[in-house]
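**Student:** Provided herewith: input-v5.cif, mmCIF, C-alpha atoms.
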data_structure
loop_
_atom_site.label_atom_id
_atom_site.label_comp_id
_atom_site.auth_asym_id
_atom_site.auth_seq_id
_atom_site.Cartn_x
_atom_site.Cartn_y
_atom_site.Cartn_z
CA MET A 1460 42.52 -18.62 6.68
CA HIS A 1461 41.16 -16.46 3.86
CA ARG A 1462 38.79 -19.24 2.88
CA TRP A 1463 37.27 -19.37 6.40
CA LEU A 1464 37.01 -15.60 6.51
CA GLY A 1465 35.23 -15.64 3.15
CA LEU A 1466 32.79 -18.32 4.33
CA LEU A 1467 32.08 -16.37 7.50
CA LEU A 1468 31.42 -13.21 5.49
CA LEU A 1469 29.07 -15.10 3.16
CA ALA A 1470 27.19 -16.55 6.12
CA LEU A 1471 26.77 -13.11 7.67
CA LEU A 1472 25.62 -11.53 4.43
CA GLY A 1473 23.28 -14.42 3.71
CA GLY A 1474 21.14 -13.44 6.69
CA ALA A 1475 20.69 -9.90 5.42
CA ARG A 1476 17.39 -9.11 3.74
CA ALA A 1477 17.36 -7.57 0.31
CA ASP A 1478 15.56 -4.38 -0.53
CA GLU A 1479 11.92 -4.91 -1.45
CA GLN A 1480 10.74 -4.12 -4.96
CA VAL A 1481 7.08 -3.37 -5.63
CA MET A 1482 5.70 -2.72 -9.08
CA VAL A 1483 3.72 0.52 -9.09
CA CYS A 1484 0.86 0.96 -11.57
CA TYR A 1485 0.04 4.28 -13.22
CA GLY A 1486 -1.44 5.70 -16.40
CA TYR A 1487 -4.99 4.47 -15.69
CA GLY A 1488 -5.89 0.81 -15.84
CA CYS A 1489 -2.29 -0.12 -14.93
CA ALA A 1490 -1.24 0.87 -18.46
CA HIS A 1491 2.31 1.44 -17.16
CA GLN A 1492 4.30 -0.09 -14.33
CA ALA A 1493 7.55 0.97 -12.71
CA PRO A 1494 9.58 -0.64 -9.94
CA ALA A 1495 9.82 1.11 -6.58
CA LEU A 1496 12.57 -0.07 -4.24
CA PHE A 1497 12.19 0.10 -0.49
CA ALA A 1498 15.33 -0.28 1.62
CA ASP A 1499 15.42 -2.05 4.96
CA SER A 1500 16.45 1.31 6.44
CA GLN A 1501 13.04 2.64 5.35
CA LEU A 1502 10.94 -0.43 6.07
CA ASP A 1503 12.31 -1.43 9.47
CA PRO A 1504 11.23 1.80 11.26
CA LEU A 1505 7.88 1.69 9.45
CA LEU A 1506 7.32 -1.90 10.58
CA ALA A 1507 8.42 -1.05 14.12
CA ARG A 1508 5.83 1.74 14.20
CA LEU A 1509 3.13 -0.66 12.98
CA GLY A 1510 4.23 -3.01 15.75
CA THR A 1511 3.20 -0.44 18.37
CA ALA A 1512 -0.49 -0.89 17.52
CA HIS A 1513 -2.53 -1.92 20.57
CA ASP A 1514 -5.61 -3.04 18.64
CA GLY A 1515 -7.23 -3.08 15.21
CA VAL A 1516 -8.31 0.56 15.39
CA ASP A 1517 -4.77 1.66 16.17
CA GLU A 1518 -3.31 -0.59 13.47
CA ARG A 1519 -5.65 0.84 10.81
CA ARG A 1520 -4.59 4.39 11.72
CA LEU A 1521 -0.91 3.44 11.53
CA LEU A 1522 -1.48 1.46 8.35
CA ALA A 1523 -3.08 4.47 6.64
CA GLU A 1524 0.04 6.50 7.47
CA ALA A 1525 2.38 3.68 6.37
CA VAL A 1526 0.66 3.35 2.99
CA GLY A 1527 0.98 7.10 2.48
CA GLN A 1528 4.67 6.99 3.38
CA LEU A 1529 5.31 4.10 0.97
CA TYR A 1530 3.57 6.01 -1.83
CA GLY A 1531 5.70 9.06 -1.02
CA TRP A 1532 8.89 7.01 -1.30
CA ALA A 1533 7.63 5.37 -4.51
CA GLY A 1534 6.92 8.85 -5.87
CA GLN A 1535 10.58 9.78 -5.41
CA GLN A 1536 11.48 6.99 -7.84
CA THR A 1537 8.57 6.91 -10.27
CA PRO A 1538 6.23 9.37 -12.02
CA ILE A 1539 3.45 8.79 -9.45
CA HIS A 1540 4.65 11.82 -7.47
CA ALA A 1541 2.34 13.78 -9.80
CA ASP A 1542 -0.77 11.86 -8.70
CA ARG A 1543 -3.53 13.83 -6.98
CA GLY A 1544 -6.61 12.58 -5.17
CA GLY A 1545 -9.42 11.42 -7.47
CA ASN A 1546 -9.13 11.58 -11.24
CA TYR A 1547 -9.83 15.23 -12.02
CA ALA A 1548 -7.02 17.05 -10.20
CA ASP A 1549 -4.34 15.17 -12.16
CA GLU A 1550 -4.87 17.19 -15.33
CA GLY A 1551 -3.56 14.32 -17.47
CA ARG A 1552 -0.08 14.43 -15.93
CA ARG A 1553 2.30 11.53 -16.47
CA GLY A 1554 2.15 9.43 -13.31
CA SER A 1555 -1.56 9.93 -12.70
CA MET A 1556 -3.33 6.98 -11.14
CA ASP A 1557 -6.93 5.83 -11.29
CA CYS A 1558 -8.61 3.50 -8.79
CA ILE A 1559 -7.38 0.42 -10.67
CA ASP A 1560 -3.78 1.63 -10.38
CA HIS A 1561 -4.26 2.44 -6.70
CA SER A 1562 -6.06 -0.77 -5.77
CA LEU A 1563 -3.41 -2.97 -7.40
CA THR A 1564 -0.47 -0.99 -6.02
CA THR A 1565 -1.93 -0.63 -2.52
CA THR A 1566 -2.65 -4.37 -2.41
CA ARG A 1567 1.00 -5.00 -3.33
CA LEU A 1568 2.21 -2.59 -0.64
CA LEU A 1569 -0.05 -4.15 2.00
CA THR A 1570 1.13 -7.62 1.00
CA MET A 1571 4.76 -6.53 1.35
CA LEU A 1572 4.04 -5.20 4.86
CA ALA A 1573 2.17 -8.39 5.79
CA ASN A 1574 4.96 -10.61 4.47
CA ARG A 1575 7.40 -8.72 6.68
CA GLY A 1576 5.25 -9.24 9.76
CA GLY A 1577 3.77 -5.73 9.83
CA LEU A 1578 0.12 -6.70 10.28
CA HIS A 1579 -0.90 -8.10 13.66
CA PHE A 1580 -4.65 -7.45 13.77
CA HIS A 1581 -5.51 -7.71 10.05
CA HIS A 1582 -4.72 -9.63 6.90
CA VAL A 1583 -4.81 -8.60 3.24
CA ILE A 1584 -7.78 -9.78 1.19
CA ALA A 1585 -8.70 -9.49 -2.49
CA ARG A 1586 -9.45 -6.11 -4.02
CA VAL A 1587 -13.04 -4.95 -3.82
CA LEU A 1588 -15.31 -3.28 -6.37
CA ARG A 1589 -18.31 -1.03 -5.86
CA THR A 1590 -20.62 -0.01 -8.67
CA ARG A 1591 -23.06 2.83 -9.12
CA GLY A 1592 -25.25 2.20 -12.13
CA MET A 1593 -23.59 0.67 -15.14
CA ILE A 1594 -20.66 3.04 -15.64
CA PHE A 1595 -19.40 4.08 -12.22
CA GLU A 1596 -17.04 1.41 -10.93
CA HIS A 1597 -14.53 1.96 -8.17
CA TYR A 1598 -11.87 -0.46 -6.92
CA SER A 1599 -9.99 -0.50 -3.63
CA ALA A 1600 -7.47 -2.61 -1.77
CA ALA A 1601 -8.94 -4.32 1.29
CA ILE A 1602 -8.05 -5.86 4.62
CA ALA A 1603 -9.95 -7.93 7.16
CA GLU A 1604 -9.59 -8.12 10.91
CA SER A 1605 -8.08 -11.35 12.15
CA GLY A 1606 -10.35 -13.80 13.93
CA GLU A 1607 -13.95 -14.93 13.73
CA GLY A 1608 -16.62 -12.49 12.64
CA ALA A 1609 -13.89 -10.28 11.22
CA ARG A 1610 -14.90 -6.92 9.81
CA ARG A 1611 -13.53 -5.97 6.42
CA TYR A 1612 -12.16 -2.57 5.44
CA ALA A 1613 -11.40 -0.72 2.21
CA VAL A 1614 -7.88 0.75 2.09
CA ASP A 1615 -8.35 3.45 -0.53
CA SER A 1616 -5.38 5.59 -1.52
CA TRP A 1617 -7.16 6.93 -4.63
CA PHE A 1618 -8.88 9.64 -2.58
CA VAL A 1619 -5.65 11.38 -1.54
CA ASP A 1620 -2.63 13.08 -3.07
CA ASN A 1621 0.57 11.06 -3.37
CA GLY A 1622 2.23 10.54 0.00
CA LYS A 1623 -0.83 11.31 2.13
CA PRO A 1624 -2.38 8.71 4.46
CA ALA A 1625 -4.79 6.32 2.76
CA VAL A 1626 -8.47 6.39 3.64
CA ILE A 1627 -9.53 3.27 5.55
CA LEU A 1628 -13.27 2.73 5.93
CA PRO A 1629 -15.48 -0.16 7.00
CA LEU A 1630 -16.22 -2.02 3.78
CA ASP A 1631 -20.01 -1.66 4.04
CA GLU A 1632 -19.64 2.13 4.42
CA TRP A 1633 -17.24 2.26 1.45
CA MET A 1634 -19.61 0.10 -0.64
CA ASP A 1635 -22.39 2.63 0.08
CA GLY A 1636 -20.26 5.38 -1.47
CA GLY A 1637 -18.31 6.44 1.61
CA GLY A 1638 -15.11 8.40 1.29
CA PRO A 1639 -14.00 11.97 0.62
CA ASP A 1640 -15.58 13.93 -2.23
CA VAL A 1641 -12.94 14.21 -4.95
#
Take the structure in the file and write it out as structure tokens.

**Tutor:**
Amino acid sequence: MHRWLGLLLLALLGGARADEQVMVCYGYGCAHQAPALFADSQLDPLLARLGTAHDGVDERRLLAEAVGQLYGWAGQQTPIHADRGGNYADEGRRGSMDCIDHSLTTTRLLTMLANRGGLHFHHVIARVLRTRGMIFEHYSAAIAESGEGARRYAVDSWFVDNGKPAVILPLDEWMDGGGPDV
């Protein structure tokens, strides 16, 4: 009897998902990484909210909020809570992030959401780079609309303080220097 009960318990627990771990970059150029754990009790409501999107425009708005929320939770576990929009407001604090840190981490967060079925109108694509002259480079995570003739978008969390919604812009606008002045 105990054996059957044990097998039943194992079968029930086997269907449970484990918490998600995402490595968060910080320290400029991903010099440091720390694990951030996201529980199902956090992710399930976030994914349900993303599931309410009626179209790509709505999904991008909800995705910006979701990325901000994930960064906020990651900041409760890692030094990135100190990160401020841009590079100058950080004042060299531990946990500061540059665009490389943000683009890598945001791509990982977006991939986690996609792998859990959170994206219905978009998919994650490779990071993007814009350059101004020879020394001004800026990286961002990116998504593309699903389907033919899909528009691409930068998902740029570097512009905002930790926990705030990411900035999502059409990629051509972002490539032309679009985004908040920080």

**Student:** Could you list, as a PyMOL selection string, every residue matched by the PyMOL selection byres ((chain A and resi 1618-1632) around 9) in this structure?

**Tutor:** chain A and resi 1519-1534+1539-1546+1558+1587+1601+1610-1617+1633-1641

**Student:** As a check of understanding, name the residues that the PyMOL selection byres ((chain A and resi 1486) around 6) selects in the supplied structure, as a list in words.

**Tutor:**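 What the PyMOL selection byres ((chain A and resi 1486) around 6) grabs from the file is Tyr1485, Tyr1487, Ala1490, His1491, Ser1555 and Met1556 of chain A.
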
**Student:** Can you write out the residues you just picked, keeping C-alpha atoms, as a compact mmCIF listing (two decimals), keeping the file's coordinate frame?

**Tutor:**
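Ended up saving to result00.txt:
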# COMPACT_ATOMS: atom_id res chain seq x y z
CA TYR A 1485 0.04 4.28 -13.22
CA TYR A 1487 -4.99 4.47 -15.69
CA ALA A 1490 -1.24 0.87 -18.46
CA HIS A 1491 2.31 1.44 -17.16
CA SER A 1555 -1.56 9.93 -12.70
CA MET A 1556 -3.33 6.98 -11.14

**Student:** Compute the distance from (-5.0, -0.3, -4.0) to each atom, counting only C-alpha atoms, keep the residues with any atom at most 7 Å away, and return them as a ChimeraX atom specification; use the coordinates of the file.

**Tutor:** /A:1560-1566,1599-1600,1614-1616

**Student:** Residues of the last selection are to be written out with C-alpha atoms, as a short mmCIF file (atom, residue, chain, number, x, y, z; two decimals), in the frame of the given file.

**Tutor:**
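Okay, result39.cif is ready:
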data_model
loop_
_atom_site.label_atom_id
_atom_site.label_comp_id
_atom_site.auth_asym_id
_atom_site.auth_seq_id
_atom_site.Cartn_x
_atom_site.Cartn_y
_atom_site.Cartn_z
CA ASP A 1560 -3.78 1.63 -10.38
CA HIS A 1561 -4.26 2.44 -6.70
CA SER A 1562 -6.06 -0.77 -5.77
CA LEU A 1563 -3.41 -2.97 -7.40
CA THR A 1564 -0.47 -0.99 -6.02
CA THR A 1565 -1.93 -0.63 -2.52
CA THR A 1566 -2.65 -4.37 -2.41
CA SER A 1599 -9.99 -0.50 -3.63
CA ALA A 1600 -7.47 -2.61 -1.77
CA VAL A 1614 -7.88 0.75 2.09
CA ASP A 1615 -8.35 3.45 -0.53
CA SER A 1616 -5.38 5.59 -1.52
#

**Student:** If you apply the PyMOL selection byres ((chain A and resi 1609) around 12) to this file, what residues do you get, as a PyMOL selection string?

**Tutor:** chain A and resi 1515+1580-1582+1584+1602-1608+1610-1612+1629-1630

**Student:** Which of these residues is nearest to Leu1496 of chain A, using all atoms listed in the file: A:Asn1574, A:Gln1536, A:Leu1509, A:Asp1514?

**Tutor:** A:Gln1536

**Student:** Using all atoms listed in the file, can you tell me which of A:Arg1591, A:Ala1477, A:His1597, A:Thr1570 comes closest to Ser1500 of chain A?

**Tutor:** A:Ala1477

**Student:** Let me make sure I understand: among A:Arg1586, A:Glu1550, A:Tyr1598, A:Arg1567, which one has the smallest atom-to-atom distance to Val1481 of chain A if we use all atoms listed in the file?

**Tutor:**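 The answer is A:Arg1567, which sits nearest to Val1481 of chain A.
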
**Student:** Please, what distance in Å, to one decimal, runs between atom CA of Glu1596 of chain A and atom CA of Pro1538 of chain A?

**Tutor:** 24.6 Å

**Student:** What separation in Å, quoted to one decimal, exists between atom CA of Leu1506 of chain A and atom CA of Val1583 of chain A?

**Tutor:**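 Those two atoms sit 15.7 Å apart.
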
**Student:** Mind giving me the straight-line distance from atom CA of Ala1585 of chain A to atom CA of Asp1517 of chain A in Å, one decimal?

**Tutor:**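 It comes out at 22.1 Å.
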
**Student:** Supply segment 1590-1618 of chain A as a PDB file, keeping the file's coordinate frame, with N, CA and C atoms built in where the input has gaps.

**Tutor:**
ATOM      1  N   THR A1590     -20.065  -0.533  -7.430  1.00  0.00           N
ATOM      2  CA  THR A1590     -20.620  -0.010  -8.670  1.00  0.00           C
ATOM      3  C   THR A1590     -21.792   0.900  -8.364  1.00  0.00           C
ATOM      4  N   ARG A1591     -21.926   1.901  -9.172  1.00  0.00           N
ATOM      5  CA  ARG A1591     -23.060   2.830  -9.120  1.00  0.00           C
ATOM      6  C   ARG A1591     -23.605   2.883 -10.550  1.00  0.00           C
ATOM      7  N   GLY A1592     -24.726   2.254 -10.770  1.00  0.00           N
ATOM      8  CA  GLY A1592     -25.250   2.200 -12.130  1.00  0.00           C
ATOM      9  C   GLY A1592     -24.385   1.286 -12.979  1.00  0.00           C
ATOM     10  N   MET A1593     -24.340   1.552 -14.250  1.00  0.00           N
ATOM     11  CA  MET A1593     -23.590   0.670 -15.140  1.00  0.00           C
ATOM     12  C   MET A1593     -22.206   1.215 -15.486  1.00  0.00           C
ATOM     13  N   ILE A1594     -21.941   2.484 -15.195  1.00  0.00           N
ATOM     14  CA  ILE A1594     -20.660   3.040 -15.640  1.00  0.00           C
ATOM     15  C   ILE A1594     -19.742   3.478 -14.512  1.00  0.00           C
ATOM     16  N   PHE A1595     -20.240   3.593 -13.313  1.00  0.00           N
ATOM     17  CA  PHE A1595     -19.400   4.080 -12.220  1.00  0.00           C
ATOM     18  C   PHE A1595     -18.891   2.915 -11.378  1.00  0.00           C
ATOM     19  N   GLU A1596     -17.695   2.468 -11.697  1.00  0.00           N
ATOM     20  CA  GLU A1596     -17.040   1.410 -10.930  1.00  0.00           C
ATOM     21  C   GLU A1596     -15.884   2.009 -10.162  1.00  0.00           C
ATOM     22  N   HIS A1597     -15.653   1.489  -8.969  1.00  0.00           N
ATOM     23  CA  HIS A1597     -14.530   1.960  -8.170  1.00  0.00           C
ATOM     24  C   HIS A1597     -13.921   0.788  -7.416  1.00  0.00           C
ATOM     25  N   TYR A1598     -12.608   0.627  -7.566  1.00  0.00           N
ATOM     26  CA  TYR A1598     -11.870  -0.460  -6.920  1.00  0.00           C
ATOM     27  C   TYR A1598     -11.085   0.055  -5.729  1.00  0.00           C
ATOM     28  N   SER A1599     -10.829  -0.836  -4.782  1.00  0.00           N
ATOM     29  CA  SER A1599      -9.990  -0.500  -3.630  1.00  0.00           C
ATOM     30  C   SER A1599      -9.272  -1.759  -3.142  1.00  0.00           C
ATOM     31  N   ALA A1600      -8.124  -1.545  -2.530  1.00  0.00           N
ATOM     32  CA  ALA A1600      -7.470  -2.610  -1.770  1.00  0.00           C
ATOM     33  C   ALA A1600      -8.324  -2.859  -0.536  1.00  0.00           C
ATOM     34  N   ALA A1601      -8.123  -4.006   0.112  1.00  0.00           N
ATOM     35  CA  ALA A1601      -8.940  -4.320   1.290  1.00  0.00           C
ATOM     36  C   ALA A1601      -8.168  -5.177   2.281  1.00  0.00           C
ATOM     37  N   ILE A1602      -8.584  -5.051   3.535  1.00  0.00           N
ATOM     38  CA  ILE A1602      -8.050  -5.860   4.620  1.00  0.00           C
ATOM     39  C   ILE A1602      -9.218  -6.382   5.452  1.00  0.00           C
ATOM     40  N   ALA A1603      -8.950  -7.404   6.229  1.00  0.00           N
ATOM     41  CA  ALA A1603      -9.950  -7.930   7.160  1.00  0.00           C
ATOM     42  C   ALA A1603      -9.299  -8.092   8.517  1.00  0.00           C
ATOM     43  N   GLU A1604     -10.091  -7.863   9.559  1.00  0.00           N
ATOM     44  CA  GLU A1604      -9.590  -8.120  10.910  1.00  0.00           C
ATOM     45  C   GLU A1604      -9.324  -9.611  11.050  1.00  0.00           C
ATOM     46  N   SER A1605      -8.375  -9.943  11.873  1.00  0.00           N
ATOM     47  CA  SER A1605      -8.080 -11.350  12.150  1.00  0.00           C
ATOM     48  C   SER A1605      -9.116 -11.902  13.117  1.00  0.00           C
ATOM     49  N   GLY A1606      -9.433 -13.167  12.997  1.00  0.00           N
ATOM     50  CA  GLY A1606     -10.350 -13.800  13.930  1.00  0.00           C
ATOM     51  C   GLY A1606     -11.739 -14.000  13.352  1.00  0.00           C
ATOM     52  N   GLU A1607     -12.580 -14.654  14.144  1.00  0.00           N
ATOM     53  CA  GLU A1607     -13.950 -14.930  13.730  1.00  0.00           C
ATOM     54  C   GLU A1607     -14.781 -13.658  13.682  1.00  0.00           C
ATOM     55  N   GLY A1608     -15.738 -13.641  12.758  1.00  0.00           N
ATOM     56  CA  GLY A1608     -16.620 -12.490  12.640  1.00  0.00           C
ATOM     57  C   GLY A1608     -15.873 -11.227  12.251  1.00  0.00           C
ATOM     58  N   ALA A1609     -14.776 -11.398  11.553  1.00  0.00           N
ATOM     59  CA  ALA A1609     -13.890 -10.280  11.220  1.00  0.00           C
ATOM     60  C   ALA A1609     -14.567  -9.269  10.314  1.00  0.00           C
ATOM     61  N   ARG A1610     -14.417  -8.006  10.667  1.00  0.00           N
ATOM     62  CA  ARG A1610     -14.900  -6.920   9.810  1.00  0.00           C
ATOM     63  C   ARG A1610     -13.885  -6.687   8.709  1.00  0.00           C
ATOM     64  N   ARG A1611     -14.391  -6.273   7.560  1.00  0.00           N
ATOM     65  CA  ARG A1611     -13.530  -5.970   6.420  1.00  0.00           C
ATOM     66  C   ARG A1611     -13.507  -4.465   6.199  1.00  0.00           C
ATOM     67  N   TYR A1612     -12.381  -3.998   5.638  1.00  0.00           N
ATOM     68  CA  TYR A1612     -12.160  -2.570   5.440  1.00  0.00           C
ATOM     69  C   TYR A1612     -11.579  -2.301   4.057  1.00  0.00           C
ATOM     70  N   ALA A1613     -12.025  -1.215   3.436  1.00  0.00           N
ATOM     71  CA  ALA A1613     -11.400  -0.720   2.210  1.00  0.00           C
ATOM     72  C   ALA A1613     -10.189   0.114   2.618  1.00  0.00           C
ATOM     73  N   VAL A1614      -9.091  -0.064   1.905  1.00  0.00           N
ATOM     74  CA  VAL A1614      -7.880   0.750   2.090  1.00  0.00           C
ATOM     75  C   VAL A1614      -7.714   1.496   0.779  1.00  0.00           C
ATOM     76  N   ASP A1615      -8.210   2.727   0.734  1.00  0.00           N
ATOM     77  CA  ASP A1615      -8.350   3.450  -0.530  1.00  0.00           C
ATOM     78  C   ASP A1615      -7.422   4.650  -0.595  1.00  0.00           C
ATOM     79  N   SER A1616      -6.355   4.512  -1.344  1.00  0.00           N
ATOM     80  CA  SER A1616      -5.380   5.590  -1.520  1.00  0.00           C
ATOM     81  C   SER A1616      -5.750   6.504  -2.685  1.00  0.00           C
ATOM     82  N   TRP A1617      -6.746   6.139  -3.480  1.00  0.00           N
ATOM     83  CA  TRP A1617      -7.160   6.930  -4.630  1.00  0.00           C
ATOM     84  C   TRP A1617      -7.694   8.299  -4.215  1.00  0.00           C
ATOM     85  N   PHE A1618      -8.262   8.393  -3.035  1.00  0.00           N
ATOM     86  CA  PHE A1618      -8.880   9.640  -2.580  1.00  0.00           C
ATOM     87  C   PHE A1618      -7.883  10.743  -2.273  1.00  0.00           C
TER      88      PHE A1618
END
